[in-house]
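File shown here: protein_14.txt, holding compact mmCIF, C-alpha atoms and all ligand atoms.
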```
# COMPACT_ATOMS: atom_id res chain seq x y z
CA MET B 1 -205.59 -29.58 -22.16
CA SER B 2 -205.15 -32.12 -24.92
CA THR B 3 -206.05 -31.92 -28.56
CA ALA B 4 -205.98 -34.77 -31.06
CA SER B 5 -203.48 -32.97 -33.28
CA THR B 6 -201.10 -30.07 -32.67
CA THR B 7 -201.74 -28.51 -36.06
CA SER B 8 -204.96 -26.95 -37.22
CA ARG B 9 -206.08 -25.80 -40.66
CA ALA B 10 -207.56 -22.36 -41.24
CA LEU B 11 -208.29 -19.82 -43.96
CA PHE B 12 -205.69 -17.01 -43.81
CA LEU B 13 -206.31 -13.61 -45.38
CA GLU B 14 -202.94 -12.30 -46.59
CA GLU B 15 -204.11 -9.23 -48.55
CA PHE B 16 -207.35 -7.22 -48.63
CA GLY B 17 -209.26 -7.67 -51.87
CA THR B 18 -208.23 -11.33 -52.21
CA LEU B 19 -209.71 -14.59 -50.98
CA PRO B 20 -208.14 -16.19 -47.90
CA GLY B 21 -206.16 -19.36 -48.59
CA LEU B 22 -206.09 -22.65 -46.69
CA GLY B 23 -203.04 -22.96 -44.42
CA GLU B 24 -201.88 -24.54 -41.15
CA ARG B 25 -200.95 -23.23 -37.73
CA THR B 26 -200.37 -24.64 -34.25
CA VAL B 27 -203.58 -25.18 -32.28
CA PRO B 28 -203.96 -22.01 -30.12
CA GLU B 29 -203.14 -22.54 -26.45
CA HIS B 30 -205.96 -22.08 -23.94
CA ARG B 31 -205.57 -19.12 -21.58
CA PRO B 32 -207.72 -17.79 -18.70
CA GLY B 33 -210.83 -15.85 -19.68
CA HIS B 34 -210.89 -17.62 -23.04
CA THR B 35 -212.55 -20.68 -24.52
CA LEU B 36 -210.78 -22.94 -26.99
CA VAL B 37 -213.21 -24.42 -29.48
CA ARG B 38 -212.98 -27.06 -32.20
CA VAL B 39 -214.99 -25.20 -34.82
CA ALA B 40 -217.78 -27.18 -36.48
CA ALA B 41 -219.39 -24.53 -38.71
CA ALA B 42 -219.06 -20.85 -39.55
CA THR B 43 -221.08 -18.40 -41.56
CA ALA B 44 -219.81 -16.44 -44.56
CA ALA B 45 -221.89 -13.26 -44.65
CA HIS B 46 -221.76 -9.84 -46.30
CA LEU B 47 -220.00 -8.43 -43.23
CA ASP B 48 -217.19 -10.98 -43.74
CA LEU B 49 -216.95 -9.99 -47.42
CA ASN B 50 -216.65 -6.32 -46.45
CA ILE B 51 -213.71 -7.25 -44.24
CA LEU B 52 -212.07 -9.36 -47.00
CA ASP B 53 -212.48 -6.37 -49.31
CA GLY B 54 -210.91 -3.99 -46.76
CA GLN B 55 -214.20 -2.05 -46.77
CA PHE B 56 -215.17 -2.21 -43.09
CA GLY B 57 -214.59 0.47 -40.41
CA ILE B 58 -212.53 -1.87 -38.20
CA LEU B 59 -209.82 -3.74 -40.09
CA PRO B 60 -207.52 -6.40 -38.66
CA GLU B 61 -203.78 -6.73 -39.04
CA LEU B 62 -202.82 -9.30 -41.68
CA PRO B 63 -202.47 -12.22 -41.95
CA PHE B 64 -205.78 -12.85 -40.30
CA ILE B 65 -208.40 -15.61 -39.95
CA PRO B 66 -211.85 -14.15 -40.86
CA GLY B 67 -215.24 -15.40 -39.65
CA THR B 68 -217.53 -13.24 -37.49
CA GLN B 69 -219.88 -16.10 -36.50
CA GLY B 70 -219.45 -19.79 -35.92
CA SER B 71 -220.19 -22.75 -33.71
CA GLY B 72 -218.13 -25.56 -32.29
CA TYR B 73 -217.30 -27.88 -29.42
CA VAL B 74 -215.47 -26.69 -26.30
CA VAL B 75 -211.97 -28.12 -25.99
CA ALA B 76 -210.90 -26.09 -22.93
CA SER B 77 -212.64 -23.37 -20.92
CA ASP B 78 -213.05 -22.10 -17.37
CA THR B 79 -216.72 -21.22 -17.93
CA HIS B 80 -218.16 -23.54 -20.61
CA PRO B 81 -218.38 -27.33 -20.15
CA GLU B 82 -215.88 -29.36 -22.17
CA GLY B 83 -217.57 -30.96 -25.21
CA ALA B 84 -220.55 -28.56 -25.17
CA LEU B 85 -221.70 -27.02 -28.44
CA VAL B 86 -221.29 -23.24 -28.32
CA ARG B 87 -222.30 -20.45 -30.67
CA LEU B 88 -219.47 -17.99 -31.38
CA ARG B 89 -220.01 -14.29 -32.04
CA GLY B 90 -219.13 -10.80 -30.81
CA GLU B 91 -216.13 -9.55 -28.81
CA GLY B 92 -214.39 -8.59 -32.06
CA LEU B 93 -214.44 -12.15 -33.43
CA GLY B 94 -213.45 -12.03 -37.11
CA LEU B 95 -213.04 -8.25 -36.85
CA SER B 96 -210.27 -7.31 -34.43
CA ARG B 97 -209.26 -10.87 -33.49
CA ASP B 98 -208.96 -14.12 -35.47
CA GLY B 99 -212.39 -15.52 -36.30
CA ALA B 100 -214.18 -18.80 -36.97
CA TRP B 101 -212.87 -19.76 -40.43
CA GLY B 102 -210.55 -22.43 -39.07
CA GLU B 103 -210.62 -25.79 -37.36
CA HIS B 104 -209.94 -24.16 -33.96
CA ALA B 105 -210.76 -20.77 -32.45
CA LEU B 106 -209.64 -19.23 -29.16
CA VAL B 107 -212.31 -16.72 -28.15
CA PRO B 108 -213.10 -14.62 -25.05
CA ASP B 109 -215.54 -16.57 -22.85
CA ALA B 110 -218.23 -13.94 -23.53
CA ALA B 111 -218.08 -14.69 -27.28
CA ALA B 112 -219.25 -18.28 -26.65
CA GLU B 113 -222.84 -19.18 -25.75
CA THR B 114 -223.77 -22.75 -24.86
CA MET B 115 -226.43 -24.21 -27.17
CA PRO B 116 -229.12 -26.71 -26.13
CA GLU B 117 -227.96 -30.33 -26.44
CA GLY B 118 -228.69 -31.89 -29.83
CA THR B 119 -228.64 -28.60 -31.76
CA ASP B 120 -227.22 -28.97 -35.27
CA PRO B 121 -223.90 -27.02 -35.42
CA ALA B 122 -224.76 -25.42 -38.78
CA LEU B 123 -228.06 -24.18 -37.37
CA ALA B 124 -226.33 -22.99 -34.18
CA CYS B 125 -223.98 -20.69 -36.09
CA VAL B 126 -226.54 -19.26 -38.49
CA TYR B 127 -229.95 -19.04 -36.84
CA PHE B 128 -229.82 -16.10 -34.45
CA SER B 129 -229.71 -13.04 -36.70
CA PRO B 130 -232.26 -14.04 -39.38
CA VAL B 131 -234.70 -15.61 -36.93
CA GLY B 132 -234.36 -12.72 -34.44
CA THR B 133 -234.83 -10.17 -37.21
CA ALA B 134 -237.86 -11.97 -38.62
CA TRP B 135 -239.42 -12.38 -35.17
CA ALA B 136 -238.93 -8.72 -34.20
CA THR B 137 -240.24 -7.53 -37.56
CA VAL B 138 -243.39 -9.67 -37.60
CA HIS B 139 -244.32 -9.36 -33.92
CA SER B 140 -242.79 -6.19 -32.40
CA ILE B 141 -242.54 -3.85 -35.38
CA ALA B 142 -245.16 -4.71 -38.04
CA ARG B 143 -247.39 -6.33 -35.38
CA VAL B 144 -249.01 -8.73 -37.84
CA ARG B 145 -252.57 -9.71 -36.87
CA PRO B 146 -254.76 -12.69 -37.88
CA GLY B 147 -256.50 -12.25 -41.22
CA GLU B 148 -254.15 -9.52 -42.48
CA ARG B 149 -252.66 -9.67 -45.98
CA VAL B 150 -248.87 -9.47 -45.65
CA LEU B 151 -246.51 -8.87 -48.57
CA ILE B 152 -242.92 -10.01 -47.97
CA THR B 153 -240.09 -9.22 -50.42
CA GLY B 154 -236.89 -11.29 -50.59
CA ALA B 155 -239.13 -14.15 -49.46
CA SER B 156 -236.61 -16.87 -50.31
CA GLY B 157 -233.86 -15.11 -48.33
CA ALA B 158 -232.99 -16.03 -44.76
CA VAL B 159 -234.96 -13.27 -43.02
CA GLY B 160 -237.73 -13.28 -45.65
CA ALA B 161 -238.34 -17.03 -45.50
CA VAL B 162 -238.60 -17.04 -41.71
CA ALA B 163 -240.80 -13.92 -41.74
CA VAL B 164 -243.12 -15.71 -44.21
CA GLN B 165 -243.52 -18.62 -41.79
CA LEU B 166 -243.94 -16.47 -38.66
CA ALA B 167 -246.53 -14.23 -40.35
CA ALA B 168 -248.47 -17.33 -41.46
CA ARG B 169 -248.27 -18.70 -37.91
CA ALA B 170 -249.72 -15.37 -36.73
CA GLY B 171 -252.76 -16.08 -38.92
CA ALA B 172 -251.94 -13.80 -41.85
CA GLU B 173 -252.44 -14.41 -45.56
CA VAL B 174 -248.87 -14.20 -46.88
CA ILE B 175 -247.60 -13.31 -50.35
CA GLY B 176 -243.90 -13.98 -50.87
CA VAL B 177 -242.13 -11.89 -53.51
CA VAL B 178 -238.81 -12.85 -55.16
CA GLY B 179 -236.63 -11.24 -57.82
CA ARG B 180 -235.55 -14.31 -59.80
CA PRO B 181 -237.84 -17.04 -61.16
CA ALA B 182 -235.39 -19.69 -59.89
CA LYS B 183 -236.16 -18.59 -56.33
CA LEU B 184 -239.95 -18.99 -56.52
CA ARG B 185 -239.72 -22.62 -55.41
CA HIS B 186 -237.63 -21.66 -52.37
CA VAL B 187 -240.36 -19.56 -50.75
CA PRO B 188 -241.91 -21.56 -47.86
CA GLY B 189 -245.10 -23.29 -48.98
CA VAL B 190 -247.37 -21.38 -46.58
CA ALA B 191 -247.18 -18.34 -48.89
CA ARG B 192 -248.52 -17.54 -52.31
CA THR B 193 -245.58 -16.47 -54.51
CA LEU B 194 -245.03 -13.68 -57.00
CA LEU B 195 -242.14 -12.26 -59.03
CA ALA B 196 -241.22 -8.68 -58.13
CA ALA B 197 -241.61 -7.74 -61.80
CA ASP B 198 -245.27 -8.86 -61.66
CA LEU B 199 -246.26 -6.87 -58.55
CA SER B 200 -249.69 -5.25 -58.90
CA GLU B 201 -252.82 -4.84 -56.81
CA GLU B 202 -254.61 -7.35 -59.03
CA ALA B 203 -251.81 -9.95 -58.70
CA ILE B 204 -251.89 -9.81 -54.88
CA GLY B 205 -255.70 -9.82 -54.71
CA GLY B 206 -256.23 -6.29 -53.34
CA ARG B 207 -254.17 -3.94 -51.17
CA ALA B 208 -251.83 -5.35 -48.53
CA ASP B 209 -252.28 -4.50 -44.85
CA VAL B 210 -248.58 -4.95 -44.16
CA LEU B 211 -245.38 -4.89 -46.19
CA ILE B 212 -242.17 -6.46 -44.89
CA ASP B 213 -239.38 -5.38 -47.24
CA THR B 214 -235.95 -7.03 -47.01
CA VAL B 215 -234.64 -5.77 -50.36
CA GLY B 216 -235.01 -1.98 -50.85
CA GLY B 217 -234.61 -0.18 -54.18
CA GLN B 218 -237.20 -0.49 -56.93
CA VAL B 219 -238.78 -3.59 -55.31
CA LEU B 220 -239.58 -1.53 -52.22
CA ARG B 221 -241.02 1.32 -54.30
CA SER B 222 -243.31 -1.06 -56.23
CA ALA B 223 -244.44 -2.95 -53.12
CA LEU B 224 -245.02 0.15 -51.00
CA ALA B 225 -247.53 1.45 -53.53
CA LEU B 226 -249.66 -1.65 -52.82
CA VAL B 227 -250.15 -1.05 -49.08
CA ARG B 228 -253.59 0.21 -48.01
CA PRO B 229 -254.11 3.52 -46.19
CA ARG B 230 -253.33 3.10 -42.46
CA GLY B 231 -251.31 0.01 -43.34
CA ARG B 232 -247.72 -0.57 -42.13
CA ALA B 233 -244.43 -1.11 -43.95
CA ALA B 234 -241.47 -2.52 -42.02
CA LEU B 235 -238.18 -1.84 -43.86
CA LEU B 236 -235.06 -3.81 -43.06
CA GLY B 237 -232.69 -4.14 -46.02
CA TYR B 238 -231.29 -2.22 -48.96
CA THR B 239 -229.36 -4.76 -51.08
CA ALA B 240 -231.21 -3.56 -54.20
CA GLY B 241 -230.82 0.16 -53.45
CA ARG B 242 -230.64 2.41 -50.40
CA GLU B 243 -232.63 5.43 -51.52
CA LEU B 244 -236.35 6.05 -51.07
CA THR B 245 -237.63 9.47 -52.14
CA LEU B 246 -240.52 10.83 -50.13
CA ASP B 247 -242.96 13.31 -51.70
CA LEU B 248 -244.68 14.60 -48.58
CA ALA B 249 -248.04 15.20 -50.26
CA ASP B 250 -248.07 11.61 -51.60
CA PHE B 251 -246.88 10.28 -48.25
CA PHE B 252 -249.75 11.93 -46.37
CA LEU B 253 -252.23 10.73 -48.98
CA ALA B 254 -250.93 7.15 -48.91
CA ASP B 255 -251.15 7.16 -45.08
CA VAL B 256 -248.79 4.18 -44.66
CA SER B 257 -246.59 3.99 -41.55
CA LEU B 258 -242.91 3.46 -42.43
CA LEU B 259 -241.33 1.40 -39.67
CA PRO B 260 -237.54 0.96 -39.46
CA VAL B 261 -236.08 -2.36 -38.27
CA ASN B 262 -232.90 -1.85 -36.27
CA MET B 263 -231.69 -5.09 -34.76
CA MET B 264 -228.72 -3.40 -33.12
CA SER B 265 -231.13 -2.01 -30.54
CA ARG B 266 -233.52 -4.98 -30.47
CA THR B 267 -231.22 -8.00 -30.12
CA PRO B 268 -231.56 -8.33 -26.30
CA GLU B 269 -235.36 -8.23 -26.44
CA VAL B 270 -235.62 -11.11 -28.95
CA ALA B 271 -233.01 -13.42 -27.41
CA SER B 272 -235.42 -15.61 -25.44
CA GLU B 273 -238.03 -15.69 -28.23
CA VAL B 274 -235.41 -16.86 -30.71
CA LEU B 275 -234.08 -19.53 -28.36
CA GLY B 276 -237.70 -20.69 -27.96
CA LEU B 277 -237.92 -21.26 -31.73
CA LEU B 278 -234.78 -23.43 -31.82
CA PRO B 279 -236.66 -26.73 -31.24
CA ASP B 280 -238.91 -25.97 -34.25
CA LEU B 281 -235.84 -25.14 -36.35
CA SER B 282 -234.15 -28.37 -35.25
CA SER B 283 -237.22 -30.48 -36.06
CA GLY B 284 -237.83 -28.74 -39.40
CA ALA B 285 -241.22 -27.36 -38.30
CA LEU B 286 -239.67 -23.97 -39.03
CA THR B 287 -237.16 -23.80 -41.88
CA LEU B 288 -234.21 -21.47 -42.32
CA PRO B 289 -232.58 -21.55 -45.76
CA TYR B 290 -228.80 -21.93 -45.99
CA GLU B 291 -226.23 -23.48 -48.33
CA THR B 292 -223.26 -25.48 -47.00
CA TYR B 293 -219.68 -25.50 -48.38
CA GLY B 294 -216.33 -26.88 -47.24
CA MET B 295 -213.43 -24.49 -46.66
CA GLY B 296 -211.98 -25.66 -49.99
CA ALA B 297 -215.06 -24.32 -51.80
CA LEU B 298 -214.87 -20.83 -50.29
CA GLY B 299 -214.49 -19.21 -53.73
CA GLU B 300 -217.74 -20.72 -54.98
CA ALA B 301 -219.56 -19.77 -51.76
CA VAL B 302 -218.35 -16.17 -51.97
CA GLU B 303 -219.38 -15.92 -55.61
CA ARG B 304 -222.90 -17.21 -54.81
CA LEU B 305 -223.16 -14.67 -52.00
CA ARG B 306 -221.85 -11.73 -54.02
CA SER B 307 -224.09 -12.45 -57.04
CA GLY B 308 -227.27 -12.90 -54.98
CA ALA B 309 -227.71 -16.42 -56.39
CA ALA B 310 -227.38 -18.05 -52.94
CA VAL B 311 -230.59 -19.26 -51.35
CA GLY B 312 -230.41 -17.92 -47.79
CA LYS B 313 -227.25 -17.95 -45.69
CA ILE B 314 -223.86 -19.51 -46.43
CA VAL B 315 -222.42 -21.98 -43.92
CA LEU B 316 -218.83 -23.27 -44.05
CA ASP B 317 -218.54 -26.84 -42.81
CA MET B 318 -215.29 -26.88 -40.83
CA GLU B 319 -215.51 -30.59 -40.06
CA HIS B 320 -215.18 -31.41 -43.78
CA PRO B 321 -212.75 -28.70 -44.92
CA GLY B 322 -211.83 -30.26 -48.26
CA ASN B 323 -215.32 -30.22 -49.79
N1 LIG B 401 -232.20 -3.78 -40.32
C1 LIG B 401 -231.63 -4.74 -39.62
O1 LIG B 401 -231.41 -4.63 -38.42
C2 LIG B 401 -231.24 -6.00 -40.34
C3 LIG B 401 -231.02 -7.19 -39.62
C4 LIG B 401 -230.70 -8.35 -40.35
C5 LIG B 401 -230.60 -8.30 -41.73
N2 LIG B 401 -230.78 -7.10 -42.36
C6 LIG B 401 -230.69 -6.99 -43.82
O2 LIG B 401 -231.82 -7.63 -44.35
C7 LIG B 401 -231.55 -8.07 -45.66
C8 LIG B 401 -232.01 -9.49 -45.82
O3 LIG B 401 -231.19 -10.34 -45.04
P1 LIG B 401 -231.12 -11.89 -45.38
O4 LIG B 401 -230.26 -12.50 -44.34
O5 LIG B 401 -232.49 -12.42 -45.58
O6 LIG B 401 -230.35 -11.84 -46.76
P2 LIG B 401 -230.37 -12.93 -47.92
O7 LIG B 401 -230.69 -14.27 -47.40
O8 LIG B 401 -229.09 -12.71 -48.64
O9 LIG B 401 -231.62 -12.45 -48.80
C9 LIG B 401 -231.67 -11.23 -49.43
C10 LIG B 401 -232.61 -11.29 -50.61
O10 LIG B 401 -232.42 -10.06 -51.29
C11 LIG B 401 -232.72 -10.24 -52.65
N3 LIG B 401 -231.84 -9.42 -53.48
C12 LIG B 401 -232.23 -8.41 -54.26
N4 LIG B 401 -231.22 -7.83 -54.88
C13 LIG B 401 -230.12 -8.49 -54.52
C14 LIG B 401 -228.73 -8.38 -54.83
N5 LIG B 401 -228.27 -7.43 -55.65
N6 LIG B 401 -227.85 -9.24 -54.24
C15 LIG B 401 -228.30 -10.18 -53.38
N7 LIG B 401 -229.62 -10.35 -53.05
C16 LIG B 401 -230.50 -9.52 -53.61
C17 LIG B 401 -232.55 -11.72 -52.95
O11 LIG B 401 -233.80 -12.17 -53.36
P3 LIG B 401 -234.20 -12.22 -54.90
O12 LIG B 401 -233.12 -13.00 -55.59
O13 LIG B 401 -235.50 -12.86 -54.83
O14 LIG B 401 -234.22 -10.79 -55.34
C18 LIG B 401 -232.24 -12.38 -51.60
O15 LIG B 401 -233.01 -13.53 -51.38
C19 LIG B 401 -230.05 -7.87 -45.88
O16 LIG B 401 -229.84 -6.71 -46.63
C20 LIG B 401 -229.52 -7.68 -44.47
O17 LIG B 401 -228.36 -6.87 -44.46
C21 LIG B 401 -231.10 -5.97 -41.69
```

Represent the structure from my file as structure tokens, please.
Amino acid sequence: MSTASTTSRALFLEEFGTLPGLGERTVPEHRPGHTLVRVAAATAAHLDLNILDGQFGILPELPFIPGTQGSGYVVASDTHPEGALVRLRGEGLGLSRDGAWGEHALVPDAAAETMPEGTDPALACVYFSPVGTAWATVHSIARVRPGERVLITGASGAVGAVAVQLAARAGAEVIGVVGRPAKLRHVPGVARTLLAADLSEEAIGGRADVLIDTVGGQVLRSALALVRPRGRAALLGYTAGRELTLDLADFFLADVSLLPVNMMSRTPEVASEVLGLLPDLSSGALTLPYETYGMGALGEAVERLRSGAAVGKIVLDMEHPGN
């Protein structure tokens, strides 16, 4: 095995509750059953923040390189072709073993999945969860049909924006709801847009057949009241609040099916569908919102993520670490 340089930069977490700092280490040595990757991109997601904060069930020994998802090019492997772009996730990556927030990662072979040639590395690291969740929600859970009116909250977010596009492709009339005025312009153009504060039957043009809620809290309560009897509401997030009180008499009267989205149990069933959407994502026919930062701008990226100001996912560009 040969690498261009024997040292490799990475973000090292020294203490929970702090931000990891940029440091150097020796490039990890390849060993059997593992794949050594030159990391191209990694995501910074809420799960990673929970680990930085020391708030997750599994916590690593420190110092530690975070990063639960990434992508990169194979340097050495017994199972993946050298030079191939692979997506990195699972097998304790960024949880119980060093993750993807560095220029190199040594991962179990099963944590690397070869991506189709020509895939953008940023897309490779970020696409699976939001696209899989949106696909399962629109097609398997809410079962959106042509001509239906579909209300989608968090419509500028990663899952919301893809759900908007998939529901429109399914022939629905889509209304995308966002919390902040600044995010109205980030809802895909196939939807009509509305601020959550302005939600009303009149504003959406009548009752909705389907609600896809990615936000929870008061937004969910307001939107749920606008679904027609025998309509469906697929619930998948609770960033804005995790409680929903159910008055049984009102629930029976409203006659709306509440459908939980649980991607932990659905990931295998969407894998091929999501891979099938990758060409559209690569060509831009289907868009997935994300913001890109260098490792040196981690603080800014984390702040955007924590405050909810970020538009979609956060991607760290490991090939330009100083940005
Ligand atoms: N159930 C499952 O299996 C499953 C699978 C994947 C994801 N999820 C969950 O689904 C949700 C959406 O995922 P995503 O990837 O689309 O997330 P995202 O890109 O971060 O979007 C979330 C949206 O939530 C809204 N929001 C409301 N209150 C917020 C707050 N206090 N902080 C941040 N955002 C806030 C934001 O829209 P506005 O600014 O317009 O309010 C934002 O666009 C997340 O909660 C995620 O954990 C669940």

- Query: How would you write, as a list of chain:residue names, the set of residues no farther than 6 Å from ligand LIG 401 (chain B) when counting all atoms listed in the file?
  - Reply: B:Pro130, B:Thr133, B:Gly154, B:Ser156, B:Gly157, B:Ala158, B:Val159, B:Gly160, B:Val178, B:Gly179, B:Arg180, B:Lys183, B:Thr214, B:Val215, B:Leu236, B:Gly237, B:Tyr238, B:Thr239, B:Ala240, B:Val261, B:Asn262, B:Met263, B:Ser307, B:Gly308, B:Gly312, B:Lys313

Hey, could you make a per-residue contact list for segment 267-314 of chain B against segment 101-109 of chain B with 12 Å as the cut-off, showing the nearest pair of atoms and its distance in Å to one decimal, counting all atoms listed in the file, sorted by chain and number, as CSV?
```
residue,atom,partner,partner_atom,distance
B:Tyr293,CA,B:Trp101,CA,11.9
B:Gly294,CA,B:Trp101,CA,10.4
B:Met295,CA,B:Trp101,CA,7.8
B:Gly296,CA,B:Trp101,CA,11.3
B:Leu298,CA,B:Trp101,CA,10.1
```

- Task: Could you give me, as JSON, numbers by chain, the residues within 9 Å of segment 137-143 of chain B, counting all atoms listed in the file and dropping anything in the same chain fewer than 3 positions from it?
- Result: {"B": [132, 133, 134, 163, 164, 166, 167, 170, 210, 211, 212, 232, 233, 234, 235, 236, 259, 260, 261]}

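Taking atom CA of Arg242 of chain B and atom CA of Gly217 of chain B as the two end points, the separation is 6.1 Å.
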
Please enclose the listed atoms of segment 205-218 of chain B in an axis-aligned box, pad each side by 8 Å, and write out the centre and the three edge lengths in Å, rounded to one decimal, as lines of an AutoDock Vina configuration file.
```
center_x = -245.4
center_y = -5.0
center_z = -50.5
size_x = 37.6
size_y = 25.6
size_z = 28.8
```

- Message: Please list as an MDAnalysis selection string every residue within 9 Å of Leu278 of chain B, counting only C-alpha atoms and excluding residues in the same chain fewer than 6 positions away.
- Response: chainID B and resid 116 119 123:124 127 286

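Excluding Gly94 of chain B itself and same-chain residues fewer than 4 positions from it, the residues having an atom within 10 Å of it are Leu47, Asp48, Ile51, Leu59, Pro60, Phe64, Ile65, Pro66, Gly67, Thr68, Gln69, Gly70, Arg89, Gly90, Asp98, Gly99, Ala100 and Trp101 of chain B, counting all atoms listed in the file.
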
- Item | Separation of atom CA of Ser5 of chain B from atom CA of Gly118 of chain B, in Å and rounded to one decimal | 25.5 Å

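With only C-alpha atoms as the atoms that count, the minimum distance from Gly206 of chain B to the choices B:Ala161, B:Leu93, B:Leu316, B:Val150 is reached by B:Val150.
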
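Using only C-alpha atoms, the nearest neighbour of Thr18 of chain B within the list B:Pro181, B:Pro32, B:Pro63, B:Gly57 is B:Pro63.
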
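Of note, atom CA of Ala223 of chain B and atom CA of Ser200 of chain B are spaced 8.1 Å apart.
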
- Closest of B:Asp120, B:Glu202, B:Glu243, B:Asp250 to Val219 of chain B, counting all atoms listed in the file, is B:Glu243

- Message: Could you check which residues have any atom within 10 Å of (-206.8, -26.7, -41.7), counting all atoms listed in the file with coordinates taken straight from the file, and then list them as a VMD selection string?
- Response: chain B and resid 7 to 12 22 to 25 101 to 104 295 to 296 318 to 322

Is it possible to add all heavy atoms to segment 254-260 of chain B and hand it back as an mmCIF file, keeping the file's coordinate frame?
```
data_model
loop_
_atom_site.group_PDB
_atom_site.id
_atom_site.type_symbol
_atom_site.label_atom_id
_atom_site.label_comp_id
_atom_site.auth_asym_id
_atom_site.auth_seq_id
_atom_site.Cartn_x
_atom_site.Cartn_y
_atom_site.Cartn_z
ATOM 1 N N ALA B 254 -251.050 8.611 -48.995
ATOM 2 C CA ALA B 254 -250.930 7.150 -48.910
ATOM 3 C C ALA B 254 -251.231 6.664 -47.495
ATOM 4 O O ALA B 254 -251.796 5.586 -47.289
ATOM 5 C CB ALA B 254 -249.533 6.711 -49.324
ATOM 6 N N ASP B 255 -250.838 7.456 -46.482
ATOM 7 C CA ASP B 255 -251.150 7.160 -45.080
ATOM 8 C C ASP B 255 -250.633 5.784 -44.634
ATOM 9 O O ASP B 255 -251.353 5.025 -43.983
ATOM 10 C CB ASP B 255 -252.682 7.251 -44.881
ATOM 11 C CG ASP B 255 -253.048 7.494 -43.429
ATOM 12 O OD1 ASP B 255 -252.119 7.603 -42.599
ATOM 13 O OD2 ASP B 255 -254.256 7.540 -43.130
ATOM 14 N N VAL B 256 -249.407 5.468 -45.051
ATOM 15 C CA VAL B 256 -248.790 4.180 -44.660
ATOM 16 C C VAL B 256 -247.656 4.468 -43.682
ATOM 17 O O VAL B 256 -246.793 5.311 -43.957
ATOM 18 C CB VAL B 256 -248.228 3.448 -45.908
ATOM 19 C CG1 VAL B 256 -247.436 2.212 -45.493
ATOM 20 C CG2 VAL B 256 -249.369 3.060 -46.847
ATOM 21 N N SER B 257 -247.653 3.794 -42.544
ATOM 22 C CA SER B 257 -246.590 3.990 -41.550
ATOM 23 C C SER B 257 -245.315 3.289 -42.000
ATOM 24 O O SER B 257 -245.338 2.082 -42.257
ATOM 25 C CB SER B 257 -247.013 3.426 -40.197
ATOM 26 O OG SER B 257 -248.173 4.063 -39.758
ATOM 27 N N LEU B 258 -244.215 4.048 -42.083
ATOM 28 C CA LEU B 258 -242.910 3.460 -42.430
ATOM 29 C C LEU B 258 -242.185 3.119 -41.126
ATOM 30 O O LEU B 258 -241.914 4.008 -40.311
ATOM 31 C CB LEU B 258 -242.082 4.438 -43.255
ATOM 32 C CG LEU B 258 -242.662 4.854 -44.609
ATOM 33 C CD1 LEU B 258 -241.705 5.801 -45.337
ATOM 34 C CD2 LEU B 258 -242.943 3.632 -45.478
ATOM 35 N N LEU B 259 -241.891 1.850 -40.947
ATOM 36 C CA LEU B 259 -241.330 1.400 -39.670
ATOM 37 C C LEU B 259 -239.918 0.847 -39.871
ATOM 38 O O LEU B 259 -239.738 -0.161 -40.566
ATOM 39 C CB LEU B 259 -242.223 0.293 -39.086
ATOM 40 C CG LEU B 259 -243.701 0.656 -38.940
ATOM 41 C CD1 LEU B 259 -244.541 -0.590 -38.682
ATOM 42 C CD2 LEU B 259 -243.870 1.654 -37.801
ATOM 43 N N PRO B 260 -238.903 1.469 -39.298
ATOM 44 C CA PRO B 260 -237.540 0.960 -39.460
ATOM 45 C C PRO B 260 -237.275 -0.247 -38.565
ATOM 46 O O PRO B 260 -237.764 -0.305 -37.432
ATOM 47 C CB PRO B 260 -236.675 2.140 -39.037
ATOM 48 C CG PRO B 260 -237.516 2.903 -38.075
ATOM 49 C CD PRO B 260 -238.956 2.680 -38.461
#
```
